[in-house]
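Asks: I have a structure I would like to understand better, so I am pasting it below and will then ask my questions one at a time.
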Amino acid sequence: MAKTDNVHPVRTVRVGGMCAEIDEQLAPVVEALWRNGFQTLTSCQDAGESNAGWVDLRPHMAVHVESRRGWAFIDFPVDSGLAFLTAIAKAGPRDAFYVRMTHWAAPDAWAVSVKPYDVAMREEPASRSSVCG
């Protein structure tokens, strides 16, 4: 396990020229994504746990933070995220998993959203170069 200030234990994942500290529970998923050519931006194995400290500074966020307890997420650049969703949708039968992924009103539906993101503004933390260097 790599040393980090992350809320969750992490593992260093390396695939080709990519390297990052990834939450332990998501490390195998991110590694498989990278090996299959998908790019990722961020990920978290429990958004509620990771964001619990928000409530101290922003009490109005308490309901939001609690509603995300137990939610894992992986952020993709838009083109890679769309490619991932398409690959998953085409990968199997039109079953309950497929419905959860594709229909926003299905029980336990996936929360999928696209937001503007200026990748030119992204700076890699200095700690990554020391961990992955």
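Note on naming: chains are A, B, ... as they come in the structure tokens, residues start from 1 per chain, ligands start from 1 in the order shown.
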Return as a list in words the full set of residues in chain A whose backbone-based DSSP assignment is strand (DSSP E or B).
Replies: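 DSSP on the backbone gives strand (DSSP E or B) at Ala2, Val10, Arg11, Thr12, Val13, Arg14, Val15, Met18, Cys19, Ala20, Glu21, Ile22, Asp23, Thr42, Ser43, Cys44, Phe73, Ile74 and Asp75 of chain A.
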Asks: Can you write out the residues you just picked, keeping N, CA and C atoms, as a compact mmCIF listing (two decimals), in the first residue's frame?
Replies:
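Contents of result24.txt, freshly written:
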# COMPACT_ATOMS: atom_id res chain seq x y z
N ALA A 2 0.55 2.19 -0.84
CA ALA A 2 1.31 3.43 -0.93
C ALA A 2 0.93 4.38 0.19
N VAL A 10 -4.82 3.12 -0.18
CA VAL A 10 -4.61 3.14 -1.62
C VAL A 10 -3.57 2.11 -2.04
N ARG A 11 -3.58 1.87 -3.34
CA ARG A 11 -2.58 1.00 -3.96
C ARG A 11 -2.05 1.73 -5.19
N THR A 12 -0.76 1.66 -5.43
CA THR A 12 -0.19 2.27 -6.63
C THR A 12 -0.50 1.37 -7.81
N VAL A 13 -1.13 1.97 -8.83
CA VAL A 13 -1.47 1.24 -10.05
C VAL A 13 -0.60 1.79 -11.18
N ARG A 14 0.03 0.87 -11.91
CA ARG A 14 0.87 1.23 -13.06
C ARG A 14 0.42 0.42 -14.26
N VAL A 15 0.15 1.12 -15.36
CA VAL A 15 -0.16 0.47 -16.63
C VAL A 15 0.49 1.31 -17.71
N MET A 18 1.06 5.14 -17.43
CA MET A 18 0.15 5.71 -16.43
C MET A 18 0.45 5.13 -15.06
N CYS A 19 0.35 6.00 -14.06
CA CYS A 19 0.62 5.58 -12.70
C CYS A 19 -0.13 6.51 -11.75
N ALA A 20 -0.80 5.95 -10.75
CA ALA A 20 -1.51 6.77 -9.77
C ALA A 20 -1.81 5.95 -8.52
N GLU A 21 -2.01 6.65 -7.41
CA GLU A 21 -2.49 6.02 -6.19
C GLU A 21 -4.00 5.94 -6.30
N ILE A 22 -4.56 4.74 -6.19
CA ILE A 22 -5.99 4.51 -6.37
C ILE A 22 -6.52 3.83 -5.10
N ASP A 23 -7.71 4.24 -4.65
CA ASP A 23 -8.34 3.58 -3.50
C ASP A 23 -8.30 2.06 -3.72
N THR A 42 -10.43 10.81 -11.91
CA THR A 42 -10.44 10.61 -10.46
C THR A 42 -11.32 9.41 -10.14
N SER A 43 -11.21 8.95 -8.91
CA SER A 43 -12.08 7.86 -8.45
C SER A 43 -12.11 7.89 -6.93
N CYS A 44 -13.14 7.24 -6.37
CA CYS A 44 -13.27 7.16 -4.92
C CYS A 44 -14.13 5.96 -4.57
N PHE A 73 -17.27 6.05 -7.23
CA PHE A 73 -17.34 6.69 -8.54
C PHE A 73 -15.99 6.65 -9.23
N ILE A 74 -16.07 6.72 -10.55
CA ILE A 74 -14.89 6.88 -11.39
C ILE A 74 -15.23 7.99 -12.38
N ASP A 75 -14.39 9.01 -12.45
CA ASP A 75 -14.57 10.10 -13.41
C ASP A 75 -13.70 9.83 -14.63
Asks: Excluding same-chain residues fewer than 4 positions from Val78 of chain A, what lies within 9 Å of it counting only C-alpha atoms, as a ChimeraX atom specification?
Replies: /A:82-83,114-117
Asks: Write out as number ranges by chain the set of residues from chain A that DSSP, computed on the backbone, places in helix (DSSP H, G or I).
Replies: A: 27-35, 47-50, 54-57, 59-67, 78-89, 96-102, 119-121, 126-132
Asks: Have a look at A:Ala96, A:Leu33, A:Leu41, A:Ala120 and name the one nearest to Pro77 of chain A; count only C-alpha atoms.
Replies: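 Ranking A:Ala96, A:Leu33, A:Leu41, A:Ala120 by distance to Pro77 of chain A, first place goes to A:Leu41.
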Asks: For Glu24 of chain A, which residue out of A:Val7, A:Val55, A:Ala106, A:Ala87 is the nearest one, using only C-alpha atoms?
Replies: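 Checking each of A:Val7, A:Val55, A:Ala106, A:Ala87 against Glu24 of chain A, counting only C-alpha atoms, the winner is A:Val7.
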Asks: Can you tell me, as a CSV table (one decimal) with N, CA and C atoms, in the first residue's frame, what residues are no more than 9 Å from Val65 of chain A when counting only C-alpha atoms, ignoring any on the same chain fewer than 2 positions away?
Replies:
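Dumped to selection.csv:
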chain,number,residue,atom,x,y,z
A,47,ALA,N,-17.7,8.1,-1.6
A,47,ALA,CA,-17.7,9.5,-1.7
A,47,ALA,C,-18.2,10.1,-0.3
A,48,GLY,N,-19.1,9.5,0.3
A,48,GLY,CA,-19.6,10.0,1.6
A,48,GLY,C,-18.5,10.1,2.7
A,49,GLU,N,-17.7,9.0,2.8
A,49,GLU,CA,-16.6,9.0,3.7
A,49,GLU,C,-15.6,10.1,3.3
A,50,SER,N,-15.2,10.1,2.0
A,50,SER,CA,-14.2,11.1,1.6
A,50,SER,C,-14.6,12.5,1.8
A,51,ASN,N,-15.9,12.8,1.7
A,51,ASN,CA,-16.4,14.2,1.8
A,51,ASN,C,-17.0,14.5,3.2
A,52,ALA,N,-16.8,13.7,4.2
A,52,ALA,CA,-17.4,13.9,5.5
A,52,ALA,C,-16.9,15.2,6.1
A,54,TRP,N,-16.4,18.0,4.7
A,54,TRP,CA,-17.1,19.2,4.1
A,54,TRP,C,-18.1,19.8,5.1
A,55,VAL,N,-18.7,18.9,5.9
A,55,VAL,CA,-19.8,19.4,6.7
A,55,VAL,C,-19.3,20.3,7.8
A,61,MET,N,-24.1,21.2,3.3
A,61,MET,CA,-23.8,20.0,2.5
A,61,MET,C,-24.0,18.7,3.2
A,62,ALA,N,-24.5,18.7,4.5
A,62,ALA,CA,-24.6,17.5,5.3
A,62,ALA,C,-25.5,16.4,4.6
A,63,VAL,N,-26.6,16.9,4.1
A,63,VAL,CA,-27.6,15.9,3.4
A,63,VAL,C,-26.9,15.3,2.2
A,67,SER,N,-25.9,11.4,1.7
A,67,SER,CA,-26.6,10.6,0.6
A,67,SER,C,-25.6,9.9,-0.3
A,68,ARG,N,-24.3,10.3,-0.2
A,68,ARG,CA,-23.2,9.7,-1.0
A,68,ARG,C,-22.5,8.6,-0.3
A,69,ARG,N,-22.8,8.4,1.0
A,69,ARG,CA,-22.2,7.3,1.8
A,69,ARG,C,-22.4,6.0,1.1
Asks: Between A:Thr40, A:Glu31, A:Val99, A:Asp5, which has the minimum distance to Phe84 of chain A (counting only C-alpha atoms)?
Replies: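 Using only C-alpha atoms, Phe84 of chain A sits closest to A:Thr40.
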Asks: Point out the residue among A:Ala105, A:Ala91, A:Leu26, A:Ala32 with the least atom-to-atom distance to Trp71 of chain A, counting only C-alpha atoms.
Replies: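 With only C-alpha atoms as the atom set, the closest residue is A:Leu26.
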Asks: To one decimal place, how far is atom CA of Ala109 of chain A from atom CA of His60 of chain A in Å?
Replies: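 That distance, rounded to one decimal, is 25.4 Å.
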Asks: Rank A:Gly81, A:His64, A:Gly16, A:Ala89 by their smallest atom-to-atom distance to Thr102 of chain A, using only C-alpha atoms, and report the top residue only.
Replies: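 With only C-alpha atoms as the atom set, the closest residue is A:Ala89.
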Asks: How many Å separate atom CA of Asp108 of chain A from atom CA of Ser80 of chain A?
Replies: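 Computing it gives 23.4 Å between the two atoms.
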